[in-house]
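Student: Pasting protein22.pdb below, which is PDB, C-alpha atoms, pLDDT in the B column.
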ATOM      1  CA  MET A   1     -44.296 112.967 -81.062  1.00 44.00           C
ATOM      2  CA  GLU A   2     -45.833 113.471 -84.531  1.00 50.00           C
ATOM      3  CA  ARG A   3     -45.355 117.258 -84.217  1.00 51.00           C
ATOM      4  CA  HIS A   4     -41.649 116.814 -83.413  1.00 60.00           C
ATOM      5  CA  PHE A   5     -41.273 114.449 -86.398  1.00 53.00           C
ATOM      6  CA  ASP A   6     -42.885 117.007 -88.758  1.00 76.00           C
ATOM      7  CA  ASP A   7     -40.845 119.896 -87.329  1.00 89.00           C
ATOM      8  CA  THR A   8     -37.542 118.045 -87.666  1.00 92.00           C
ATOM      9  CA  ARG A   9     -38.379 116.829 -91.160  1.00 95.00           C
ATOM     10  CA  GLU A  10     -39.303 120.382 -92.239  1.00 95.00           C
ATOM     11  CA  HIS A  11     -36.123 121.737 -90.631  1.00 96.00           C
ATOM     12  CA  LEU A  12     -34.015 119.213 -92.564  1.00 96.00           C
ATOM     13  CA  LEU A  13     -35.739 120.159 -95.823  1.00 97.00           C
ATOM     14  CA  ALA A  14     -35.397 123.910 -95.247  1.00 96.00           C
ATOM     15  CA  THR A  15     -31.741 123.516 -94.299  1.00 96.00           C
ATOM     16  CA  GLY A  16     -31.005 121.344 -97.328  1.00 95.00           C
ATOM     17  CA  GLU A  17     -32.763 123.757 -99.683  1.00 95.00           C
ATOM     18  CA  ALA A  18     -30.630 126.660 -98.478  1.00 93.00           C
ATOM     19  CA  ILE A  19     -27.429 124.652 -98.931  1.00 95.00           C
ATOM     20  CA  MET A  20     -28.393 123.135-102.303  1.00 94.00           C
ATOM     21  CA  LEU A  21     -29.372 126.493-103.771  1.00 92.00           C
ATOM     22  CA  GLY A  22     -25.704 127.379-103.390  1.00 90.00           C
ATOM     23  CA  LYS A  23     -23.967 124.077-104.143  1.00 92.00           C
ATOM     24  CA  GLY A  24     -26.349 121.825-106.037  1.00 92.00           C
ATOM     25  CA  PHE A  25     -27.520 118.326-105.154  1.00 94.00           C
ATOM     26  CA  ALA A  26     -24.509 116.081-105.783  1.00 92.00           C
ATOM     27  CA  ALA A  27     -22.012 118.377-104.037  1.00 93.00           C
ATOM     28  CA  VAL A  28     -23.921 118.308-100.747  1.00 94.00           C
ATOM     29  CA  GLY A  29     -23.451 115.369 -98.440  1.00 93.00           C
ATOM     30  CA  LEU A  30     -25.926 114.199 -95.853  1.00 93.00           C
ATOM     31  CA  SER A  31     -23.437 114.966 -93.087  1.00 93.00           C
ATOM     32  CA  GLU A  32     -23.366 118.637 -94.149  1.00 96.00           C
ATOM     33  CA  ILE A  33     -27.163 118.883 -94.080  1.00 96.00           C
ATOM     34  CA  LEU A  34     -27.413 117.098 -90.731  1.00 95.00           C
ATOM     35  CA  GLY A  35     -24.560 119.089 -89.209  1.00 95.00           C
ATOM     36  CA  THR A  36     -25.979 122.422 -90.344  1.00 96.00           C
ATOM     37  CA  ALA A  37     -29.450 121.428 -89.152  1.00 95.00           C
ATOM     38  CA  GLY A  38     -28.101 120.206 -85.817  1.00 94.00           C
ATOM     39  CA  VAL A  39     -29.777 116.831 -86.232  1.00 93.00           C
ATOM     40  CA  PRO A  40     -27.958 113.653 -85.120  1.00 91.00           C
ATOM     41  CA  LYS A  41     -26.342 111.765 -87.975  1.00 83.00           C
ATOM     42  CA  GLY A  42     -28.096 108.469 -87.373  1.00 83.00           C
ATOM     43  CA  SER A  43     -31.576 109.944 -87.515  1.00 85.00           C
ATOM     44  CA  PHE A  44     -31.680 110.907 -91.224  1.00 91.00           C
ATOM     45  CA  TYR A  45     -33.150 107.571 -92.266  1.00 91.00           C
ATOM     46  CA  HIS A  46     -35.895 108.006 -89.706  1.00 91.00           C
ATOM     47  CA  TYR A  47     -37.194 110.860 -91.894  1.00 93.00           C
ATOM     48  CA  PHE A  48     -36.105 109.855 -95.430  1.00 95.00           C
ATOM     49  CA  GLU A  49     -35.388 106.518 -97.108  1.00 94.00           C
ATOM     50  CA  SER A  50     -32.325 107.781 -99.006  1.00 94.00           C
ATOM     51  CA  LYS A  51     -30.659 110.927-100.310  1.00 94.00           C
ATOM     52  CA  GLU A  52     -32.712 110.501-103.482  1.00 95.00           C
ATOM     53  CA  GLY A  53     -35.900 110.240-101.393  1.00 96.00           C
ATOM     54  CA  TYR A  54     -34.778 113.376 -99.586  1.00 96.00           C
ATOM     55  CA  GLY A  55     -34.327 115.096-102.979  1.00 96.00           C
ATOM     56  CA  VAL A  56     -37.850 114.137-104.023  1.00 97.00           C
ATOM     57  CA  ALA A  57     -39.257 115.475-100.740  1.00 97.00           C
ATOM     58  CA  LEU A  58     -37.202 118.657-101.158  1.00 96.00           C
ATOM     59  CA  LEU A  59     -38.619 119.262-104.644  1.00 97.00           C
ATOM     60  CA  GLU A  60     -42.176 118.411-103.558  1.00 97.00           C
ATOM     61  CA  ARG A  61     -41.893 120.939-100.725  1.00 97.00           C
ATOM     62  CA  PHE A  62     -40.484 123.559-103.093  1.00 96.00           C
ATOM     63  CA  PHE A  63     -43.276 123.096-105.646  1.00 97.00           C
ATOM     64  CA  THR A  64     -45.996 123.100-102.975  1.00 97.00           C
ATOM     65  CA  ASN A  65     -44.830 126.534-101.815  1.00 95.00           C
ATOM     66  CA  TYR A  66     -44.088 127.836-105.317  1.00 95.00           C
ATOM     67  CA  LEU A  67     -47.443 126.801-106.755  1.00 97.00           C
ATOM     68  CA  ALA A  68     -49.286 128.236-103.747  1.00 97.00           C
ATOM     69  CA  THR A  69     -47.662 131.605-104.521  1.00 95.00           C
ATOM     70  CA  MET A  70     -48.715 131.265-108.161  1.00 97.00           C
ATOM     71  CA  ASP A  71     -52.255 130.352-107.085  1.00 98.00           C
ATOM     72  CA  GLY A  72     -52.343 133.642-105.186  1.00 97.00           C
ATOM     73  CA  ILE A  73     -51.403 135.532-108.337  1.00 97.00           C
ATOM     74  CA  VAL A  74     -53.998 133.692-110.439  1.00 98.00           C
ATOM     75  CA  ALA A  75     -56.712 134.338-107.829  1.00 98.00           C
ATOM     76  CA  ASP A  76     -55.890 138.044-107.374  1.00 98.00           C
ATOM     77  CA  THR A  77     -58.998 139.763-108.734  1.00 97.00           C
ATOM     78  CA  SER A  78     -57.312 143.183-108.647  1.00 98.00           C
ATOM     79  CA  LEU A  79     -55.105 142.103-111.584  1.00 98.00           C
ATOM     80  CA  ASN A  80     -56.087 141.484-115.179  1.00 98.00           C
ATOM     81  CA  GLY A  81     -54.575 138.487-116.976  1.00 98.00           C
ATOM     82  CA  ARG A  82     -51.591 140.380-118.389  1.00 98.00           C
ATOM     83  CA  SER A  83     -50.855 141.955-115.003  1.00 97.00           C
ATOM     84  CA  LYS A  84     -50.916 138.488-113.437  1.00 97.00           C
ATOM     85  CA  LEU A  85     -48.220 137.357-115.891  1.00 97.00           C
ATOM     86  CA  ASP A  86     -46.222 140.536-115.281  1.00 95.00           C
ATOM     87  CA  ALA A  87     -46.419 139.911-111.525  1.00 94.00           C
ATOM     88  CA  TYR A  88     -45.172 136.360-111.997  1.00 94.00           C
ATOM     89  CA  PHE A  89     -42.322 137.199-114.374  1.00 91.00           C
ATOM     90  CA  SER A  90     -41.182 140.187-112.324  1.00 86.00           C
ATOM     91  CA  ARG A  91     -40.463 137.669-109.557  1.00 79.00           C
ATOM     92  CA  ARG A  92     -38.043 135.900-111.918  1.00 70.00           C
ATOM     93  CA  ASP A  93     -35.829 138.963-112.275  1.00 60.00           C
ATOM     94  CA  PRO A  94     -32.780 138.865-110.051  1.00 57.00           C
ATOM     95  CA  VAL A  95     -32.918 140.835-106.850  1.00 48.00           C
ATOM     96  CA  SER A  96     -30.174 143.258-105.920  1.00 42.00           C
ATOM     97  CA  GLY A  97     -26.768 141.618-105.846  1.00 46.00           C
ATOM     98  CA  GLU A  98     -27.790 138.457-107.710  1.00 49.00           C
ATOM     99  CA  THR A  99     -27.063 137.502-111.288  1.00 45.00           C
ATOM    100  CA  SER A 100     -30.059 135.197-111.646  1.00 44.00           C
ATOM    101  CA  CYS A 101     -33.035 133.771-109.811  1.00 49.00           C
ATOM    102  CA  GLU A 102     -31.056 130.553-109.317  1.00 47.00           C
ATOM    103  CA  SER A 103     -30.297 131.513-105.738  1.00 55.00           C
ATOM    104  CA  ARG A 104     -34.045 131.288-105.039  1.00 71.00           C
ATOM    105  CA  CYS A 105     -35.203 128.583-107.463  1.00 86.00           C
ATOM    106  CA  LEU A 106     -34.505 124.873-107.129  1.00 88.00           C
ATOM    107  CA  VAL A 107     -35.796 124.272-110.655  1.00 89.00           C
ATOM    108  CA  VAL A 108     -33.068 126.473-112.112  1.00 88.00           C
ATOM    109  CA  LYS A 109     -30.425 125.068-109.790  1.00 88.00           C
ATOM    110  CA  LEU A 110     -31.185 121.346-109.976  1.00 90.00           C
ATOM    111  CA  THR A 111     -32.927 120.492-113.270  1.00 88.00           C
ATOM    112  CA  GLY A 112     -29.838 119.885-115.379  1.00 86.00           C
ATOM    113  CA  GLU A 113     -28.040 118.136-112.556  1.00 89.00           C
ATOM    114  CA  VAL A 114     -30.624 115.665-111.272  1.00 89.00           C
ATOM    115  CA  SER A 115     -32.628 114.866-114.403  1.00 87.00           C
ATOM    116  CA  ASP A 116     -29.984 112.376-115.510  1.00 88.00           C
ATOM    117  CA  LEU A 117     -29.242 111.076-112.009  1.00 87.00           C
ATOM    118  CA  SER A 118     -32.674 110.240-110.643  1.00 93.00           C
ATOM    119  CA  ALA A 119     -35.846 109.191-112.433  1.00 95.00           C
ATOM    120  CA  SER A 120     -37.953 109.963-109.367  1.00 96.00           C
ATOM    121  CA  MET A 121     -36.514 113.468-108.968  1.00 95.00           C
ATOM    122  CA  ARG A 122     -36.926 114.087-112.706  1.00 95.00           C
ATOM    123  CA  SER A 123     -40.542 112.986-112.467  1.00 96.00           C
ATOM    124  CA  THR A 124     -41.119 115.352-109.526  1.00 97.00           C
ATOM    125  CA  LEU A 125     -39.564 118.200-111.522  1.00 96.00           C
ATOM    126  CA  GLU A 126     -41.740 117.336-114.510  1.00 96.00           C
ATOM    127  CA  ARG A 127     -44.945 117.412-112.418  1.00 97.00           C
ATOM    128  CA  GLY A 128     -43.961 120.688-110.789  1.00 97.00           C
ATOM    129  CA  ILE A 129     -43.093 122.365-114.081  1.00 97.00           C
ATOM    130  CA  SER A 130     -46.415 121.175-115.515  1.00 98.00           C
ATOM    131  CA  GLY A 131     -48.142 122.854-112.565  1.00 98.00           C
ATOM    132  CA  ILE A 132     -46.350 126.119-113.291  1.00 97.00           C
ATOM    133  CA  ILE A 133     -47.302 126.001-116.967  1.00 98.00           C
ATOM    134  CA  GLU A 134     -50.943 125.227-116.105  1.00 98.00           C
ATOM    135  CA  ARG A 135     -51.106 128.332-113.912  1.00 98.00           C
ATOM    136  CA  LEU A 136     -49.469 130.497-116.582  1.00 98.00           C
ATOM    137  CA  ALA A 137     -52.032 129.179-119.074  1.00 98.00           C
ATOM    138  CA  ALA A 138     -54.821 130.106-116.633  1.00 98.00           C
ATOM    139  CA  CYS A 139     -53.486 133.687-116.574  1.00 98.00           C
ATOM    140  CA  ILE A 140     -53.492 133.742-120.375  1.00 98.00           C
ATOM    141  CA  VAL A 141     -57.089 132.479-120.503  1.00 98.00           C
ATOM    142  CA  ILE A 142     -58.090 135.161-117.986  1.00 98.00           C
ATOM    143  CA  GLY A 143     -56.207 137.765-120.027  1.00 98.00           C
ATOM    144  CA  ARG A 144     -57.933 136.788-123.211  1.00 98.00           C
ATOM    145  CA  ALA A 145     -61.307 136.961-121.492  1.00 98.00           C
ATOM    146  CA  ASP A 146     -60.598 140.442-120.105  1.00 98.00           C
ATOM    147  CA  ARG A 147     -58.847 141.491-123.368  1.00 98.00           C
ATOM    148  CA  SER A 148     -55.539 142.332-121.746  1.00 98.00           C
ATOM    149  CA  ILE A 149     -53.961 139.559-123.874  1.00 98.00           C
ATOM    150  CA  PRO A 150     -54.940 139.245-127.536  1.00 97.00           C
ATOM    151  CA  PRO A 151     -56.105 135.970-129.067  1.00 96.00           C
ATOM    152  CA  GLY A 152     -53.506 133.819-130.733  1.00 95.00           C
ATOM    153  CA  THR A 153     -51.508 130.711-129.924  1.00 96.00           C
ATOM    154  CA  ALA A 154     -53.252 128.171-127.679  1.00 98.00           C
ATOM    155  CA  ALA A 155     -52.910 129.194-124.033  1.00 98.00           C
ATOM    156  CA  ASP A 156     -51.064 126.036-122.956  1.00 98.00           C
ATOM    157  CA  THR A 157     -48.591 126.301-125.842  1.00 98.00           C
ATOM    158  CA  LEU A 158     -47.958 129.983-125.181  1.00 98.00           C
ATOM    159  CA  ALA A 159     -47.571 129.314-121.437  1.00 98.00           C
ATOM    160  CA  ALA A 160     -45.003 126.572-122.108  1.00 98.00           C
ATOM    161  CA  SER A 161     -43.088 128.861-124.481  1.00 97.00           C
ATOM    162  CA  LEU A 162     -43.020 131.663-121.918  1.00 97.00           C
ATOM    163  CA  TYR A 163     -41.868 129.378-119.113  1.00 96.00           C
ATOM    164  CA  GLN A 164     -39.148 127.849-121.265  1.00 96.00           C
ATOM    165  CA  LEU A 165     -38.010 131.332-122.318  1.00 95.00           C
ATOM    166  CA  TRP A 166     -37.600 132.440-118.703  1.00 93.00           C
ATOM    167  CA  LEU A 167     -36.029 129.184-117.536  1.00 92.00           C
ATOM    168  CA  GLY A 168     -33.497 129.455-120.348  1.00 92.00           C
ATOM    169  CA  THR A 169     -32.915 133.084-119.433  1.00 90.00           C
ATOM    170  CA  ALA A 170     -32.049 132.120-115.856  1.00 87.00           C
ATOM    171  CA  LEU A 171     -29.532 129.569-117.113  1.00 87.00           C
ATOM    172  CA  VAL A 172     -27.940 132.016-119.575  1.00 88.00           C
ATOM    173  CA  ALA A 173     -27.735 134.725-116.907  1.00 85.00           C
ATOM    174  CA  LYS A 174     -26.076 132.182-114.611  1.00 82.00           C
ATOM    175  CA  ALA A 175     -23.525 131.130-117.247  1.00 85.00           C
ATOM    176  CA  GLN A 176     -22.715 134.695-118.260  1.00 87.00           C
ATOM    177  CA  GLN A 177     -22.911 136.108-114.729  1.00 84.00           C
ATOM    178  CA  ASP A 178     -24.889 138.939-116.307  1.00 84.00           C
ATOM    179  CA  PRO A 179     -28.505 139.789-115.476  1.00 83.00           C
ATOM    180  CA  SER A 180     -29.050 141.658-118.759  1.00 87.00           C
ATOM    181  CA  ALA A 181     -30.563 138.462-120.196  1.00 89.00           C
ATOM    182  CA  TYR A 182     -33.690 139.295-118.159  1.00 90.00           C
ATOM    183  CA  THR A 183     -34.176 142.493-120.141  1.00 91.00           C
ATOM    184  CA  ALA A 184     -34.144 140.480-123.361  1.00 92.00           C
ATOM    185  CA  ALA A 185     -36.577 137.953-121.848  1.00 93.00           C
ATOM    186  CA  GLN A 186     -38.970 140.732-120.881  1.00 93.00           C
ATOM    187  CA  HIS A 187     -38.783 142.141-124.411  1.00 95.00           C
ATOM    188  CA  ALA A 188     -39.485 138.698-125.915  1.00 96.00           C
ATOM    189  CA  THR A 189     -42.359 138.209-123.473  1.00 95.00           C
ATOM    190  CA  ASN A 190     -43.868 141.537-124.537  1.00 95.00           C
ATOM    191  CA  LEU A 191     -43.652 140.463-128.198  1.00 95.00           C
ATOM    192  CA  LEU A 192     -45.268 137.088-127.486  1.00 95.00           C
ATOM    193  CA  LEU A 193     -48.121 138.728-125.588  1.00 94.00           C
ATOM    194  CA  ALA A 194     -48.603 141.692-127.956  1.00 89.00           C
TER     195      ALA A 194
END
Can the structure from this file be put into structure tokens for me?

Tutor:
Amino acid sequence: MERHFDDTREHLLATGEAIMLGKGFAAVGLSEILGTAGVPKGSFYHYFESKEGYGVALLERFFTNYLATMDGIVADTSLNGRSKLDAYFSRRDPVSGETSCESRCLVVKLTGEVSDLSASMRSTLERGISGIIERLAACIVIGRADRSIPPGTAADTLAASLYQLWLGTALVAKAQQDPSAYTAAQHATNLLLA
């Protein structure tokens, strides 16, 4: 029974993520998620206390997976510190046919929308973003140790600046429907790490 509970809960989260990456949080109703997932309407509250609780679980799931991917980059001993950052930021570039990474990133899609709507979702976003910045700072520390990144601004400050640069880039690219903002972000990144 526990296995079925976990499988259904995961299925609801995966289904909701796919829908919300396209529409956002407020525009998606529970009936759409349940209908798409093929889960009976009355069972939602068996898995989540509310739509807001569902949103928190959705973000927690996203950050667990996202940070695990980043941990793999940080731990990759075949890459120097600068190459680790390049590997991370190259994943932020849009893939063919997209104008931004928003179609793959709940942070880009939901931050502006839910931060004013839900304190618990905002707090989850804040913790997740802190985790991203910590891992970027770890890459900078590694890069300074292996001399692929020169000394300079404190690693945590530089990591926060880089993350904010790329998050802003994703939002600008989304607003302009033009991926050229990523070229400018890469240029700015190169200057900050030079």

Student: Calculated over all atoms listed in the file, which of the candidates A:Lys174, A:Lys51, A:Arg127, A:Lys41 has the smallest distance to Phe63 of chain A?

Tutor: A:Arg127

Student: For the provided coordinates, the residues matched by the PyMOL selection byres ((chain A and resi 142-152) around 10) should be stated as a PDB file with C-alpha atoms, keeping the file's coordinate frame.

Tutor:
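That gives us out15.pdb:
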ATOM      1  CA  VAL A  74     -53.998 133.692-110.439  1.00 98.00           C
ATOM      2  CA  LEU A  79     -55.105 142.103-111.584  1.00 98.00           C
ATOM      3  CA  ASN A  80     -56.087 141.484-115.179  1.00 98.00           C
ATOM      4  CA  GLY A  81     -54.575 138.487-116.976  1.00 98.00           C
ATOM      5  CA  ARG A  82     -51.591 140.380-118.389  1.00 98.00           C
ATOM      6  CA  SER A  83     -50.855 141.955-115.003  1.00 97.00           C
ATOM      7  CA  LYS A  84     -50.916 138.488-113.437  1.00 97.00           C
ATOM      8  CA  LEU A  85     -48.220 137.357-115.891  1.00 97.00           C
ATOM      9  CA  LEU A 136     -49.469 130.497-116.582  1.00 98.00           C
ATOM     10  CA  ALA A 137     -52.032 129.179-119.074  1.00 98.00           C
ATOM     11  CA  ALA A 138     -54.821 130.106-116.633  1.00 98.00           C
ATOM     12  CA  CYS A 139     -53.486 133.687-116.574  1.00 98.00           C
ATOM     13  CA  ILE A 140     -53.492 133.742-120.375  1.00 98.00           C
ATOM     14  CA  VAL A 141     -57.089 132.479-120.503  1.00 98.00           C
ATOM     15  CA  THR A 153     -51.508 130.711-129.924  1.00 96.00           C
ATOM     16  CA  ALA A 154     -53.252 128.171-127.679  1.00 98.00           C
ATOM     17  CA  ALA A 155     -52.910 129.194-124.033  1.00 98.00           C
ATOM     18  CA  LEU A 158     -47.958 129.983-125.181  1.00 98.00           C
ATOM     19  CA  LEU A 192     -45.268 137.088-127.486  1.00 95.00           C
ATOM     20  CA  LEU A 193     -48.121 138.728-125.588  1.00 94.00           C
ATOM     21  CA  ALA A 194     -48.603 141.692-127.956  1.00 89.00           C
TER      22      ALA A 194
END

Student: List as an MDAnalysis selection string the protein and nucleic acid residues near Phe44 of chain A, meaning an atom at most 10 Å away when all atoms listed in the file are counted, but skip any in the same chain fewer than 2 places from it.

Tutor: chainID A and resid 8:9 12 30:31 33:34 39:42 46:51 54

Student: What does the structure give for the distance between atom CA of Gly38 of chain A and atom CA of Thr15 of chain A, in Å to one decimal?

Tutor: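 These two atoms are separated by 9.8 Å.
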
Student: With the file shown as input, list the residues that the PyMOL selection byres ((chain A and resi 55) around 12) selects, as a PyMOL selection string.

Tutor: chain A and resi 12-14+16-17+20+24-26+28-30+48-54+56-62+106+110-111+113-115+117-125

Student: So that I can see what lies close to Asp71 of chain A, please list as a CSV table (one decimal) with C-alpha atoms, in the coordinates of the input the residues with an atom at most 10 Å from it, counting all atoms listed in the file and leaving out residues fewer than 3 positions away in the same chain.

Tutor:
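Resulting contents of result_29.csv:
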chain,number,residue,atom,x,y,z
A,65,ASN,CA,-44.8,126.5,-101.8
A,66,TYR,CA,-44.1,127.8,-105.3
A,67,LEU,CA,-47.4,126.8,-106.8
A,68,ALA,CA,-49.3,128.2,-103.7
A,74,VAL,CA,-54.0,133.7,-110.4
A,75,ALA,CA,-56.7,134.3,-107.8
A,76,ASP,CA,-55.9,138.0,-107.4
A,132,ILE,CA,-46.4,126.1,-113.3
A,135,ARG,CA,-51.1,128.3,-113.9
A,136,LEU,CA,-49.5,130.5,-116.6
A,138,ALA,CA,-54.8,130.1,-116.6

Student: Record the distance separating atom CA of Ile133 of chain A and atom CA of Ala160 of chain A, expressed in Å with one decimal.

Tutor: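 Separating atom CA of Ile133 of chain A from atom CA of Ala160 of chain A is a distance of 5.7 Å.
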
Student: To one decimal place in Å, what is the distance between atom CA of Gly112 of chain A and atom CA of Thr189 of chain A?

Tutor: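 Going from atom CA of Gly112 of chain A over to atom CA of Thr189 of chain A covers 23.6 Å.
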
Student: I need the output of the PyMOL selection byres ((chain A and resi 167) around 12) for this file as a PDB file with C-alpha atoms, in the coordinates of the input; which residues are they?

Tutor:
ATOM      1  CA  PHE A  89     -42.322 137.199-114.374  1.00 91.00           C
ATOM      2  CA  ARG A  92     -38.043 135.900-111.918  1.00 70.00           C
ATOM      3  CA  ASP A  93     -35.829 138.963-112.275  1.00 60.00           C
ATOM      4  CA  SER A 100     -30.059 135.197-111.646  1.00 44.00           C
ATOM      5  CA  CYS A 101     -33.035 133.771-109.811  1.00 49.00           C
ATOM      6  CA  GLU A 102     -31.056 130.553-109.317  1.00 47.00           C
ATOM      7  CA  CYS A 105     -35.203 128.583-107.463  1.00 86.00           C
ATOM      8  CA  LEU A 106     -34.505 124.873-107.129  1.00 88.00           C
ATOM      9  CA  VAL A 107     -35.796 124.272-110.655  1.00 89.00           C
ATOM     10  CA  VAL A 108     -33.068 126.473-112.112  1.00 88.00           C
ATOM     11  CA  LYS A 109     -30.425 125.068-109.790  1.00 88.00           C
ATOM     12  CA  LEU A 110     -31.185 121.346-109.976  1.00 90.00           C
ATOM     13  CA  THR A 111     -32.927 120.492-113.270  1.00 88.00           C
ATOM     14  CA  GLY A 112     -29.838 119.885-115.379  1.00 86.00           C
ATOM     15  CA  ILE A 129     -43.093 122.365-114.081  1.00 97.00           C
ATOM     16  CA  ILE A 132     -46.350 126.119-113.291  1.00 97.00           C
ATOM     17  CA  ILE A 133     -47.302 126.001-116.967  1.00 98.00           C
ATOM     18  CA  ALA A 160     -45.003 126.572-122.108  1.00 98.00           C
ATOM     19  CA  SER A 161     -43.088 128.861-124.481  1.00 97.00           C
ATOM     20  CA  LEU A 162     -43.020 131.663-121.918  1.00 97.00           C
ATOM     21  CA  TYR A 163     -41.868 129.378-119.113  1.00 96.00           C
ATOM     22  CA  GLN A 164     -39.148 127.849-121.265  1.00 96.00           C
ATOM     23  CA  LEU A 165     -38.010 131.332-122.318  1.00 95.00           C
ATOM     24  CA  TRP A 166     -37.600 132.440-118.703  1.00 93.00           C
ATOM     25  CA  GLY A 168     -33.497 129.455-120.348  1.00 92.00           C
ATOM     26  CA  THR A 169     -32.915 133.084-119.433  1.00 90.00           C
ATOM     27  CA  ALA A 170     -32.049 132.120-115.856  1.00 87.00           C
ATOM     28  CA  LEU A 171     -29.532 129.569-117.113  1.00 87.00           C
ATOM     29  CA  VAL A 172     -27.940 132.016-119.575  1.00 88.00           C
ATOM     30  CA  ALA A 173     -27.735 134.725-116.907  1.00 85.00           C
ATOM     31  CA  LYS A 174     -26.076 132.182-114.611  1.00 82.00           C
ATOM     32  CA  ALA A 181     -30.563 138.462-120.196  1.00 89.00           C
ATOM     33  CA  TYR A 182     -33.690 139.295-118.159  1.00 90.00           C
ATOM     34  CA  ALA A 185     -36.577 137.953-121.848  1.00 93.00           C
TER      35      ALA A 185
END

Student: Taking into account all atoms listed in the file, which residue in the set A:Asp156, A:Gly131, A:His187, A:Ala175 is nearest to Thr64 of chain A?

Tutor: A:Gly131
